[in-house]
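As structure tokens, the structure follows; a few thoughts come after it.
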Amino acid sequence: MDTILYGVAYYPEYMPTDRLDKDVDLMQKAGITVVRVGESTWSTWEPRDGEFQFSWAQRILDRMQQAGIKVILGTPTYSLPTWLYKEHPEILVTHAEGSAPPLGDPYLPTYPGVASPGGYGVRQNYDFLNPDFRKHAERIIREIVGHFKEHPAVIGYQIDNETFPTGISTKYTQAAFVERLKQKFKTPEEMNKKWGLVYWGQLVDKWEDLPPRDGIVNPGYKLEWENFQHDIVTDYLTWQAKIVNEYKRPDQFITQDFSGGVHTNLNQWAIAGSLDIVSANTYFATQERLRPNEMWLTGDLARSLKNSNYLITETNAQSIGWDSRSQYPFYPGQLRLAVYTNLAAGANMVEYWHWHSLHYGQETYWRGVLSHDLEPNRTYAEVSRVASELKKLGPDLVNLKKENQVAILFSADSANALRYMPFSDNVSYMTALRQMYDALCALNFEPDFVPAGAANLARYKVLLVPPLYTASDTVLQQVSDYVRDGGQVVMEFKSGFTNEYSTVRDTMAPGPLRDAAGFHYQEFTNLAKPEKLTPDAYGAGEQNAGSVWQEFLITDTAKVIESLDDPYWHFPSVTRNKYGKGSLTYEATYVSDVLQRKIIGDVLSAAGLTGADQSLPTQVKVRHGKNAKGWLLHYYLNFSGIEQAISYPYQDGADLLTNDAVKKGSQLRIKPWDLAIVAER
Amino acid sequence: MDTILYGVAYYPEYMPTDRLDKDVDLMQKAGITVVRVGESTWSTWEPRDGEFQFSWAQRILDRMQQAGIKVILGTPTYSLPTWLYKEHPEILVTHAEGSAPPLGDPYLPTYPGVASPGGYGVRQNYDFLNPDFRKHAERIIREIVGHFKEHPAVIGYQIDNETFPTGISTKYTQAAFVERLKQKFKTPEEMNKKWGLVYWGQLVDKWEDLPPRDGIVNPGYKLEWENFQHDIVTDYLTWQAKIVNEYKRPDQFITQDFSGGVHTNLNQWAIAGSLDIVSANTYFATQERLRPNEMWLTGDLARSLKNSNYLITETNAQSIGWDSRSQYPFYPGQLRLAVYTNLAAGANMVEYWHWHSLHYGQETYWRGVLSHDLEPNRTYAEVSRVASELKKLGPDLVNLKKENQVAILFSADSANALRYMPFSDNVSYMTALRQMYDALCALNFEPDFVPAGAANLARYKVLLVPPLYTASDTVLQQVSDYVRDGGQVVMEFKSGFTNEYSTVRDTMAPGPLRDAAGFHYQEFTNLAKPEKLTPDAYGAGEQNAGSVWQEFLITDTAKVIESLDDPYWHFPSVTRNKYGKGSLTYEATYVSDVLQRKIIGDVLSAAGLTGADQSLPTQVKVRHGKNAKGWLLHYYLNFSGIEQAISYPYQDGADLLTNDAVKKGSQLRIKPWDLAIVAER
Amino acid sequence: MDTILYGVAYYPEYMPTDRLDKDVDLMQKAGITVVRVGESTWSTWEPRDGEFQFSWAQRILDRMQQAGIKVILGTPTYSLPTWLYKEHPEILVTHAEGSAPPLGDPYLPTYPGVASPGGYGVRQNYDFLNPDFRKHAERIIREIVGHFKEHPAVIGYQIDNETFPTGISTKYTQAAFVERLKQKFKTPEEMNKKWGLVYWGQLVDKWEDLPPRDGIVNPGYKLEWENFQHDIVTDYLTWQAKIVNEYKRPDQFITQDFSGGVHTNLNQWAIAGSLDIVSANTYFATQERLRPNEMWLTGDLARSLKNSNYLITETNAQSIGWDSRSQYPFYPGQLRLAVYTNLAAGANMVEYWHWHSLHYGQETYWRGVLSHDLEPNRTYAEVSRVASELKKLGPDLVNLKKENQVAILFSADSANALRYMPFSDNVSYMTALRQMYDALCALNFEPDFVPAGAANLARYKVLLVPPLYTASDTVLQQVSDYVRDGGQVVMEFKSGFTNEYSTVRDTMAPGPLRDAAGFHYQEFTNLAKPEKLTPDAYGAGEQNAGSVWQEFLITDTAKVIESLDDPYWHFPSVTRNKYGKGSLTYEATYVSDVLQRKIIGDVLSAAGLTGADQSLPTQVKVRHGKNAKGWLLHYYLNFSGIEQAISYPYQDGADLLTNDAVKKGSQLRIKPWDLAIVAER
């Protein structure tokens with residue numbers, strides 16, 4: 001890409017009247033350069049089994065081409081046509097009214113498409129393995145992509161939409177799961193042993209005796225089923241990508257749009273493997289609560305999936321609206337600030353969801369750029385302003401490259417296994433990960449995400465490890481080797497406790513991590529309330545505390561930094577162990593947010609990574625990167641309603657937005673909810 | 001009717017021993033004049049399929065006739081006999097254990113008959129459209145009414161009992177619903193368009209492809225299903241009324257007993273159309289929490305349904321008891337006060353539920369006049385006192401006529417559509433309506449209720465409009481015309497936003513109301529917490545605040561009265577627009593209770609409706625009306641445990657209860673939980 | 001038994017590797033004398049239908065015998081083999097995801113084996129009446145017991161494990177229930193009358209018309225179903241005991257392990273009738289929250305079931321772990337203190353659950369003596385210390401006999417009927433019982449439990465009666481006779497209100513208790529908040545209050561002690577009635593915890609039962625008993641982290657743990673979480 005794309009999801013078929021020309025005129029006038037179309041409307045493409053309609057879409061693509069607006073074309077598989085449901089009702093999987101989704105991601109807001117009562121009407125609640133569904137889905141994809149592949153407006157394809165597994169057992173998933181187990185374990189005896197099915201007398205003698213998922217409480221079975229569900233989605237999307245690849249032009253890309261955040265019910269890296277570029281949908285709180293953390297969490301993850309730039313396929317326009325009670329439009333300037341917040345993390349496109357506001361359907365209050373009256377408004381005006389800036393600056397901002405020195409090790413297995421065996425009502429794996437992420441954000445560090453088991457740890461100086469509860473010996477050895485070879489690790493409690501089957505190790509905890517960590521333990525306790533630590537080695541004051549959990553560490557080679565200050569237990573809460581050329585800092589308790597920031601800051605400082613970025617005012621955030629021309633860019637973003645002044649510490653440059661020169665050491669003033677992009681060119 | 005009826009629901013068949021004679025003696029001694037019998041006991045009337053028993057009821061009716069006690073005879077259709085369930089189990093509809101009723105009315109307490117686990121044992125959970133049910137129900141109605149129609153004690157018939165729809169999809173309801181849609185839309189294309197089924201690709205190509213209600217999230221479908229459910233009940237009751245009408249004597253009436261409050265899951269006006277007189281069951285909090293509001297809300301609605309007097313078929317005796325944890329018997333005097341509170345609103349009968357207290361079954365703690373020991377008690381004594389007063393005063397109190405100047409416009413469609421798309425967790429349509437109602441109550445104004453779309457608005461000087469979210473152009477035009485022709489309207493936010501399909505209008509909000517309202521808007525925000533308004537035009541002080549919602553009004557002709565006092569938004573929160581001969585006061589936010597009272601009071605004052613009633617002590621409530629003799633009656637009711645003194649402002653009269661003269665301007669003292677009825681005769 | 005048994009549940013089949021020899025060595029070294037084996041592993045005994053494996057168990061028993069460790073052998077029926085589920089899936093009963101167990105005991109923690117989603121995977125969710133289940137269960141029991149009955153290590157058999165009813169209606173339970181009703185009522189008419197099925201028209205004309213349990217709200221039906229469920233379990237265990245009895249040696253015993261506490265969904269006395277000795281599983285809070293109350297509640301109940309000593313088959317080792325969020329290992333000394341706490345109540349054995357910590361399965365965090373690393377640890381060390389003490393002291397401590405003067409009358413029927421008709425959200429029958437129990441504990445009195453209807457009341461001087469809501473005339477007459485003959489009763493509100501069908505009596509409350517109680521009442525009220533009583537007859541100060549409920553007592557012969565201090569109601573809240581040679585103290589309200597202690601203390605004092613035990617420091621608890629040698633033993637237990645000093649008031653003795661002499665009147669110092677056992681020998 002040679003510039004930033006800026007646009008909207010566009011559903012002319014949803015409009016109450018035909019206003020294609022008026023809409024495209026308005027888009028052109030605003031400066032919009034890309035639209036995403038077609039992903040929601042199988043029944044418009046194919047109103048009856050085997051009868052296809054293309055003229056409506058032809059007209060849209062032609063009109064876009066004429067206006068110079070690029071198009072991302074979606075495959076429409078996320079919603080079943082009513083005729084297909086009527087023909088094959090078993091395609092749909094349902095669950096009891098009001099029940100949580102079986103694979104509910106604690107970090108993912110409950111979505112009505114998943115959490116609503118079962119039955120036709122919510123979307124994407126189908127059996128991905130149903131052969132009738134696959135047959136019809138394949139045909140509609142081939143028809144659409146085959147028909148439009150040569151259209152000049154089409155720059156790429158989105159396959160399906162925010163795909164998640166259903167978690168539900170069906171005839172087809174049960175058969176495929178047994179097949180998977182046969183491949184994995186070869187014999188039922190091996191499975192019995194690895195999962196410990198002898199417990200409560202649940203040994204499986206013949207594969208066909210395997211009970212379905214429904215009532216299972218065995219953690220090994222649950223984790224395997226979870227990963228099986230992930231793989232169902234990966235396989236399904238790979239299958240779609242393969243079909244599209246048979247048709248698409250070399251200059252066109254394939255993408256899929258992940259919903260925002262970090263997901264524990266998908267294998268995002270595996271899915272990304274079959275995509276040309278990753279997309280993400282990022283939604284976040286606005287008004288007084290606008291912060292970069294959600295956008296950057298989504299962006300850092302998206303960027304890490306292929307170690308490359310990514311697209312924002314959806315983001316807030318006027319409101320996030322399937323909850324009609326959460327209407328919080330941007331304050332003036334905030335929409336613009338959000339666009340640059342995404343670009344600062346490496347986004348090459350920002351698309352709103354969506355152009356207009358729906359007049360019917362579940363998402364009536366998920367309001368787009370235009371209000372329901374479909375006339376220009378305050379949001380349209382701010383979009384126009386941003387578009388005009390990007391028209392000029394896009395080539396300087398696109399393809400921003402990063403060389404981050406810090407990474408977070410992400411383990412979906414640990415998150416899921418800790419969901420089966422939580423250590424707290426209030427703190428989960430994702431809470432702990434998020435605490436580390438937010439600490440980095442507060443310290444103005446941008447991390448990459450690395451999946452547990454990835455081989456490229458050595459490129460990072462510092463590795464943050466949320467509770468690595470479930471991991472194979474190999475994965476733990478990688479972490480250990482990383483330390484030995486000079487890496488700095490900050491690791492949280494419960495790491496190393498179970499193997500890849502979520503079976504607890506029968507060696508002294510923390511198992512294979514013992515040498516690198518420099519301690520062992522046999523016991524642990526929950527903490528009924530926060531407890532003070534001693535000494536206050538980091539100057540955390542009142543916040544020098546742990547809560548939720550405390551392991552009874554017995555140090556081998558590690559140095560004790562802080563310990564529990566309790567009448568009965570005085571075990572180490574924070575330790576550091578030098579191991580080989582590196583060190584491992586361990587938190588044997590859930591430290592306070594403040595203490596976490598201090599501990600991580602201390603490790604970053606020891607690694608020589610801290611500098612001027614750590615002295616900015618709290619509400620000013622900074623991100624860096626190098627553009628295609630080799631310029632170093634510094635984004636300074638003001639997340640407050642108050643003007644902020646900073647002392648600019650880098651080489652002389654200029655603010656791309658104002659063209660004002662910015663000298664090293666000079667004062668840079670940033671207006672409320674505004675920003676500067678200083679380029680060293 | 002020529003006097004007030006006073007009595008009880010009576011279930012001699014529920015008694016542990018035969019005590020008909022003893023009960024009737026006690027009733028006669030107390031002065032009870034009416035009983036309701038027979039509505040709960042199909043299996044007593046017809047213990048085996050096709051075998052009927054009348055002698056038990058004959059004995060009761062004869063005994064009542066002998067004692068001069070009138071009888072209302074119920075059709076027994078609300079509970080299925082076990083043999084009928086055994087023969088046709090599919091008559092029963094069930095829902096998952098613990099789930100809320102599908103059409104749950106947020107204003108209606110959860111009732112075990114609806115909310116309990118499905119299965120036989122709870123009542124009224126049957127498919128109203130099941131032909132086997134209808135066949136048997138028709139036969140038992142014809143048998144009973146045919147058998148007893150000439151009995152002199154019978155003054156009327158109650159059909160079924162507090163009938164509500166189940167909301168559940170069955171073979172029969174699904175077929176009837178498709179038929180309804182065919183009639184309404186003619187073609188699937190028209191339905192697709194009106195409901196926007198193109199959204200999420202849910203277009204229906206053939207009627208038979210219409211998916212059932214279960215998983216549907218489309219608001220248009222949901223609203224139509226909701227009204228379909230209302231009509232099922234209306235049709236069912238009309239069908240019962242038609243059958244009874246074939247038999248009943250001209251001097252006998254047909255009634256149905258609505259449960260208390262205002263219902264959004266029934267079309268009460270339509271049902272009332274097939275009744276001779278409306279009945280209502282009014283239950284309310286007692287002891288320190290005794291207030292008239294619940295009784296009057298029920299009464300004002302009941303009176304408005306046919307613009308006539310009504311009956312109270314059920315009200316608290318000792319306790320409201322399907323919740324055995326809520327036993328709060330009346331303080332001395334409160335039972336009597338409650339009777340007159342009902343009469344003051346236009347009731348012509350007050351019947352307790354019920355005579356005795358049940359020894360078994362779900363309602364064991366819904367205690368009647370007699371305690372479980374079945375002996376006279378404190379309640380019986382107070383009932384006797386009231387009966388003795390009514391024997392004397394009944395002819396002066398019956399048929400009280402009202403000419404209210406204020407009405408509340410009620411829109412069940414708005415309530416339901418806002419349930420699908422709520423603007424708040426805490427405030428619903430009914431909360432907003434209730435806030436307006438309580439403001440009137442605090443101001444001592446008695447409103448009528450008018451259903452949205454009714455043609456008789458012109459008879460009122462002031463019209464209060466809770467959020468009229470869902471309404472056709474015609475309905476909105478009626479309101480607009482009402483203002484133009486001189487009406488005063490107080491209207492709440494979100495009015496005019498969606499049409500009759502709950503589809504958002506694609507014109508500038510508030511759509512067809514724009515001229516009358518004098519403003520337009522494109523945007524709105526939720527308010528995360530209450531915010532101050534400015535200026536304090538009504539003197540509401542600390543309570544000069546809005547919460548929950550704020551529309552970004554841009555005034556055309558309206559005058560801004562108060563605006564949001566927020567760092568970013570300064571939009572008008574209260575406006576008034578002169579339009580034609582009238583005015584429309586609009587609340588763009590959810591104003592505080594105090595501010596609502598002030599705003600409404602101000603409009604009432606401007607309409608020339610305020611006077612001495614607005615100067616009474618807070619806990620003294622007043623109601624007026626004209627009796628058959630043309631006397632103006634003034635009820636002064638003391639809802640406190642403290643004696644109250646008022647200055648009587650009307651023409652010279654006399655307190656009917658004491659016969660004391662009450663001169664204009666004289667001081668009238670009312671004892672704790674006591675009252676005066678001053679008649680200008 | 002001739003000494004205290006001390007041991008663990010042992011599951012060598014659950015171990016990740018074969019370590020039988022190592023485990024037994026460790027046990028032997030520690031001094032463990034008993035293990036429980038085999039109850040969880042049907043699929044290990046019988047991996048395929050009809051193929052049996054004994055060698056694994058033979059090896060364990062032989063090894064134990066060699067080490068001098070005794071064995072309790074379990075029947076493995078609590079978990080179905082997968083092949084049996086595959087062959088007969090209808091054996092399993094399921095209930096909706098997340099729903100509470102139908103017969104959920106409010107005093108029983110929700111257990112995942114019961115409350116988890118239905119389906120294979122949770123345990124014990126089978127239809128006890130399924131003939132295929134019974135056939136296979138009988139065969140495996142006969143195989144195991146037949147095979148091992150002569151093994152010298154086996155001292156007894158445990159049948160099944162913590163067996164509870166499922167509450168769920170199946171083809172077989174429905175048929176058996178109808179059969180039971182036929183036996184009980186002879187005709188449907190009689191059932192209709194006793195249960196009041198005439199209410200809501202639910203008369204049953206033919207037995208086959210009886211609707212299933214699912215939707216039933218009738219309290220009589222519900223109570224009968226509840227007791228039917230109890231009897232299913234009793235019959236099932238009796239059937240198992242009968243089978244085992246055909247094989248077992250005379251020196252072997254049969255037991256069953258009740259889960260801790262007092263159960264309202266079992267008939268524990270009836271089950272105990274088919275056991276040689278009762279076992280109980282006692283779990284409790286530790287660390288700062290360690291108190292004897294839970295252990296003693298369980299122990300007093302277990303001892304009362306057969307009026308004899310009992311076994312603790314399971315108790316906390318490191319943690320109670322199916323909730324992985326509740327890891328609270330003992331403070332140093334607490335594990336030891338807990339052992340003696342159980343012995344002080346009459347336990348003859350203490351077994352931990354369990355030897356090791358599971359590496360997989362639902363109970364991974366229910367940690368045993370060994371941690372997951374399977375090496376000796378802090379807990380193992382404390383176990384070894386206790387074992388060593390018991391080796392010496394066991395013969396002096398075993399078979400401790402009690403002659404308690406106080407009993408609590410327990411009525412499961414009342415608990416269940418009050419669950420259908422609760423008087424409070426916060427206070428249940430079990431809350432009220434527990435308040436009385438805790439008052440006794442605070443006063444250092446050890447009660448027995450007596451089931452309502454038992455004939456042996458006369459052996460107690462004082463009888464505490466929690467709300468005896470549901471009881472036959474006969475049961476009430478027993479209580480009345482007990483008072484008349486000299487007993488002292490403290491009785492709570494709602495007693496006598498319903499008969500054995502939970503049908504309210506139609507006589508003046510409290511029915512047959514009226515003479516003994518000396519009052520009657522017709523009315524009652526809930527109390528919305530706590531209310532003061534007057535006068536402060538017991539010196540309860542601020543706590544001289546009642547809440548939740550107040551009956552409107554009218555005294556006949558009773559003396560009023562305290563009354564409600566309310567503007568409207570002044571009814572007696574605490575009364576005492578002399579009747580015959582005894583007295584009945586009645587609480588017409590739910591008195592505060594402090595007031596309850598005062599009232600009970602006052603009655604105990606009047607009965608001449610108080611003494612030095614009532615002057616101990618709050619956190620020192622005492623229990624007494626006589627050992628087989630006739631020595632009087634006094635256990636003084638310090639439930640605090642602070643050393644306590646007491647003045648020893650009994651005859652000269654010696655502390656068995658230290659052999660120090662303890663003179664009457666001398667000061668006895670007890671270290672934190674420590675104890676003394678003073679023997680008058």
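Labels used: A, B, ... for chains in the order of the structure tokens, numbers from 1 for residues in each chain, and numbers from 1 for ligands as shown.
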Based on only C-alpha atoms, which of the residues in chain C come within 8 Å of chain B? I want them as a PyMOL selection string. chain C and resi 96+99+193+195-205+209-212+214-220+421-425+502-509+522-526+568
Where in stretch 574-678 of chain C does DSSP assign strand (DSSP E), given as a ChimeraX atom specification? /C:574-579,582-587,589-591,620-626,632-638,644-647,653-655,661-662,667-670,675-678
File dump, residues just selected, C-alpha atoms, as a short mmCIF file (atom, residue, chain, number, x, y, z; two decimals), in the first residue's frame:
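Final file, result.cif:
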data_model
loop_
_atom_site.label_atom_id
_atom_site.label_comp_id
_atom_site.auth_asym_id
_atom_site.auth_seq_id
_atom_site.Cartn_x
_atom_site.Cartn_y
_atom_site.Cartn_z
CA VAL C 574 -40.60 -14.18 73.92
CA THR C 575 -42.88 -16.09 76.26
CA ARG C 576 -42.48 -18.82 78.82
CA ASN C 577 -45.19 -21.24 79.80
CA LYS C 578 -45.13 -23.60 82.71
CA TYR C 579 -46.91 -26.74 81.68
CA GLY C 582 -41.75 -28.51 82.55
CA SER C 583 -41.74 -25.27 80.66
CA LEU C 584 -41.82 -24.08 77.10
CA THR C 585 -39.97 -20.91 76.10
CA TYR C 586 -41.22 -19.60 72.77
CA GLU C 587 -39.65 -17.14 70.37
CA THR C 589 -39.75 -13.61 66.29
CA TYR C 590 -36.32 -14.40 64.90
CA VAL C 591 -34.23 -13.18 67.82
CA VAL C 620 -11.27 -21.94 74.35
CA LYS C 621 -13.68 -24.78 73.74
CA VAL C 622 -14.22 -27.79 75.97
CA ARG C 623 -15.68 -31.27 75.45
CA HIS C 624 -16.04 -34.13 77.85
CA GLY C 625 -16.53 -37.87 77.70
CA LYS C 626 -15.73 -41.15 79.36
CA LEU C 632 -13.34 -38.84 82.45
CA LEU C 633 -11.56 -36.89 79.71
CA HIS C 634 -11.69 -33.10 79.34
CA TYR C 635 -10.56 -31.70 75.99
CA TYR C 636 -9.55 -28.04 76.18
CA LEU C 637 -8.96 -26.65 72.69
CA ASN C 638 -7.55 -23.24 71.87
CA GLN C 644 -4.85 -18.90 76.58
CA ALA C 645 -4.92 -19.54 80.33
CA ILE C 646 -7.81 -21.24 82.11
CA SER C 647 -8.50 -22.30 85.62
CA GLY C 653 -5.89 -35.27 86.48
CA ALA C 654 -3.11 -35.20 83.94
CA ASP C 655 -2.72 -33.87 80.45
CA ALA C 661 -0.36 -33.25 86.29
CA VAL C 662 -3.28 -30.85 86.33
CA GLN C 667 -3.95 -22.69 85.87
CA LEU C 668 -3.72 -24.50 82.59
CA ARG C 669 -1.94 -22.70 79.74
CA ILE C 670 -2.73 -23.65 76.17
CA LEU C 675 -4.91 -28.23 73.27
CA ALA C 676 -4.82 -30.19 76.49
CA ILE C 677 -6.58 -33.48 77.22
CA VAL C 678 -6.97 -33.73 80.94
#
Quick one: residues within 7 Å of stretch 402-409 of chain A, only C-alpha atoms counted, chain neighbours fewer than 5 positions away excluded, as a list in words?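 Contacts, with the query itself left out: Glu446, Pro447, Asp448, Phe449, Val450, Pro451, Ala452, Tyr460, Lys461, Val462, Leu463, Leu464, Val465, Gly625 and Lys626 of chain A.
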Residues just named, written with N, CA and C atoms as a CSV table (one decimal), in the first residue's frame:
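Written file, selection-v6.csv:
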chain,number,residue,atom,x,y,z
A,446,GLU,N,5.7,0.1,23.8
A,446,GLU,CA,4.9,-0.7,22.9
A,446,GLU,C,5.4,-2.1,22.8
A,447,PRO,N,4.6,-3.1,23.2
A,447,PRO,CA,5.1,-4.5,23.1
A,447,PRO,C,4.6,-5.2,21.8
A,448,ASP,N,5.3,-6.2,21.5
A,448,ASP,CA,4.7,-7.2,20.6
A,448,ASP,C,4.1,-8.3,21.4
A,449,PHE,N,3.3,-9.1,20.7
A,449,PHE,CA,2.8,-10.3,21.3
A,449,PHE,C,3.4,-11.5,20.7
A,450,VAL,N,3.8,-12.5,21.5
A,450,VAL,CA,4.4,-13.7,21.0
A,450,VAL,C,3.6,-14.9,21.6
A,451,PRO,N,3.2,-15.8,20.7
A,451,PRO,CA,2.5,-16.9,21.3
A,451,PRO,C,3.4,-17.9,21.9
A,452,ALA,N,3.0,-18.5,23.0
A,452,ALA,CA,3.8,-19.5,23.7
A,452,ALA,C,4.2,-20.5,22.7
A,460,TYR,N,13.8,-10.0,21.4
A,460,TYR,CA,13.3,-9.1,22.5
A,460,TYR,C,14.3,-9.0,23.6
A,461,LYS,N,14.4,-7.9,24.2
A,461,LYS,CA,15.3,-7.8,25.4
A,461,LYS,C,14.5,-8.1,26.7
A,462,VAL,N,13.2,-7.8,26.6
A,462,VAL,CA,12.4,-8.1,27.8
A,462,VAL,C,11.2,-8.9,27.4
A,463,LEU,N,10.9,-9.9,28.2
A,463,LEU,CA,9.7,-10.7,27.9
A,463,LEU,C,8.8,-10.8,29.2
A,464,LEU,N,7.6,-10.4,29.0
A,464,LEU,CA,6.6,-10.4,30.1
A,464,LEU,C,5.8,-11.7,30.0
A,465,VAL,N,5.7,-12.4,31.1
A,465,VAL,CA,5.0,-13.7,31.0
A,465,VAL,C,3.8,-13.7,32.0
A,625,GLY,N,8.0,4.8,15.1
A,625,GLY,CA,8.2,3.9,14.0
A,625,GLY,C,8.9,4.6,12.9
A,626,LYS,N,9.2,3.7,11.9
A,626,LYS,CA,10.0,4.2,10.8
A,626,LYS,C,9.1,4.1,9.6
Atomic distance atom CA of B:Pro165 - atom CA of B:Asn309, expressed in Å with one decimal: 26.1 Å
For stretch 528-543 of chain C, list every protein, DNA or RNA residue within 6 Å, evaluated using only C-alpha atoms, and leave out those in the same chain fewer than 6 positions away; present the list as a PyMOL selection string. chain C and resi 562-565+595
Writing out the chosen residues with all heavy atoms as a CSV table (one decimal), in the first residue's frame:
chain,number,residue,atom,x,y,z
C,562,GLU,N,-40.6,-10.8,76.8
C,562,GLU,CA,-40.3,-9.6,76.0
C,562,GLU,C,-41.3,-9.4,74.9
C,562,GLU,O,-41.9,-10.4,74.4
C,562,GLU,CB,-38.9,-9.7,75.4
C,562,GLU,CG,-37.8,-9.9,76.4
C,562,GLU,CD,-36.4,-9.5,75.8
C,562,GLU,OE1,-36.3,-9.3,74.6
C,562,GLU,OE2,-35.4,-9.4,76.6
C,563,SER,N,-41.6,-8.2,74.5
C,563,SER,CA,-42.6,-7.9,73.4
C,563,SER,C,-42.0,-6.9,72.4
C,563,SER,O,-41.0,-6.3,72.6
C,563,SER,CB,-43.8,-7.2,74.0
C,563,SER,OG,-44.5,-8.1,74.9
C,564,LEU,N,-42.6,-6.9,71.3
C,564,LEU,CA,-42.2,-6.0,70.2
C,564,LEU,C,-42.4,-4.6,70.6
C,564,LEU,O,-43.5,-4.2,71.1
C,564,LEU,CB,-43.0,-6.4,68.9
C,564,LEU,CG,-42.4,-6.0,67.6
C,564,LEU,CD1,-41.1,-6.8,67.4
C,564,LEU,CD2,-43.4,-6.4,66.5
C,565,ASP,N,-41.4,-3.7,70.3
C,565,ASP,CA,-41.5,-2.3,70.7
C,565,ASP,C,-41.8,-1.5,69.4
C,565,ASP,O,-40.8,-1.0,68.8
C,565,ASP,CB,-40.2,-1.9,71.3
C,565,ASP,CG,-40.3,-0.5,71.8
C,565,ASP,OD1,-41.4,0.1,71.9
C,565,ASP,OD2,-39.2,0.0,72.2
C,595,LEU,N,-29.3,-12.5,71.6
C,595,LEU,CA,-30.4,-12.8,72.4
C,595,LEU,C,-30.7,-14.3,72.5
C,595,LEU,O,-31.1,-14.9,73.5
C,595,LEU,CB,-31.6,-12.0,71.9
C,595,LEU,CG,-32.9,-12.2,72.7
C,595,LEU,CD1,-32.7,-11.8,74.1
C,595,LEU,CD2,-34.0,-11.3,72.1
Can you measure atom CA of A:Thr315 to atom CA of A:Glu351 for me? One decimal in Å is fine. 6.5 Å
Counting only C-alpha atoms, figure out which residue out of A:Thr286, A:Gln619, A:Gln174, A:Gln229 gets nearest to A:Asn316.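 Closest residue, counting only C-alpha atoms: A:Thr286.
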Could you tell me, as a PyMOL selection string, which residues of stretch 248-476 of chain B DSSP assigns to helix (DSSP H, G or I) when given the backbone? chain B and resi 268-272+287-289+293-306+334-344+378-397+412-420+429-442+457-459+473-476
All residues 9 Å or closer to C:Leu311, only C-alpha atoms, same chain fewer than 5 positions away omitted, as a list in words: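 Counting only C-alpha atoms, the residues come to Leu5, Thr255, Asp257, Ile277, Val278, Ser279, Ala280, Asn281, Gly299, Ala302, Gly346, Ala347, Asn348, Met349, Val350 and Glu351 of chain C.
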To one decimal place, how far is atom CA of A:Gly611 from atom CA of A:Lys663 in Å?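 Computing it gives 17.8 Å between the two atoms.
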From A:Leu400, A:Ser605, A:Lys206, A:Thr341, residue lying nearest A:Lys186 [only C-alpha atoms]: A:Lys206
Fewer than 4 positions away in the same chain doesn't count, so skip those; otherwise give me all residues within 12 Å of A:Ala381, counting only C-alpha atoms, as a ChimeraX atom specification. /A:26-27,29-31,317,332-333,335-336,369-370,375-377,385-388
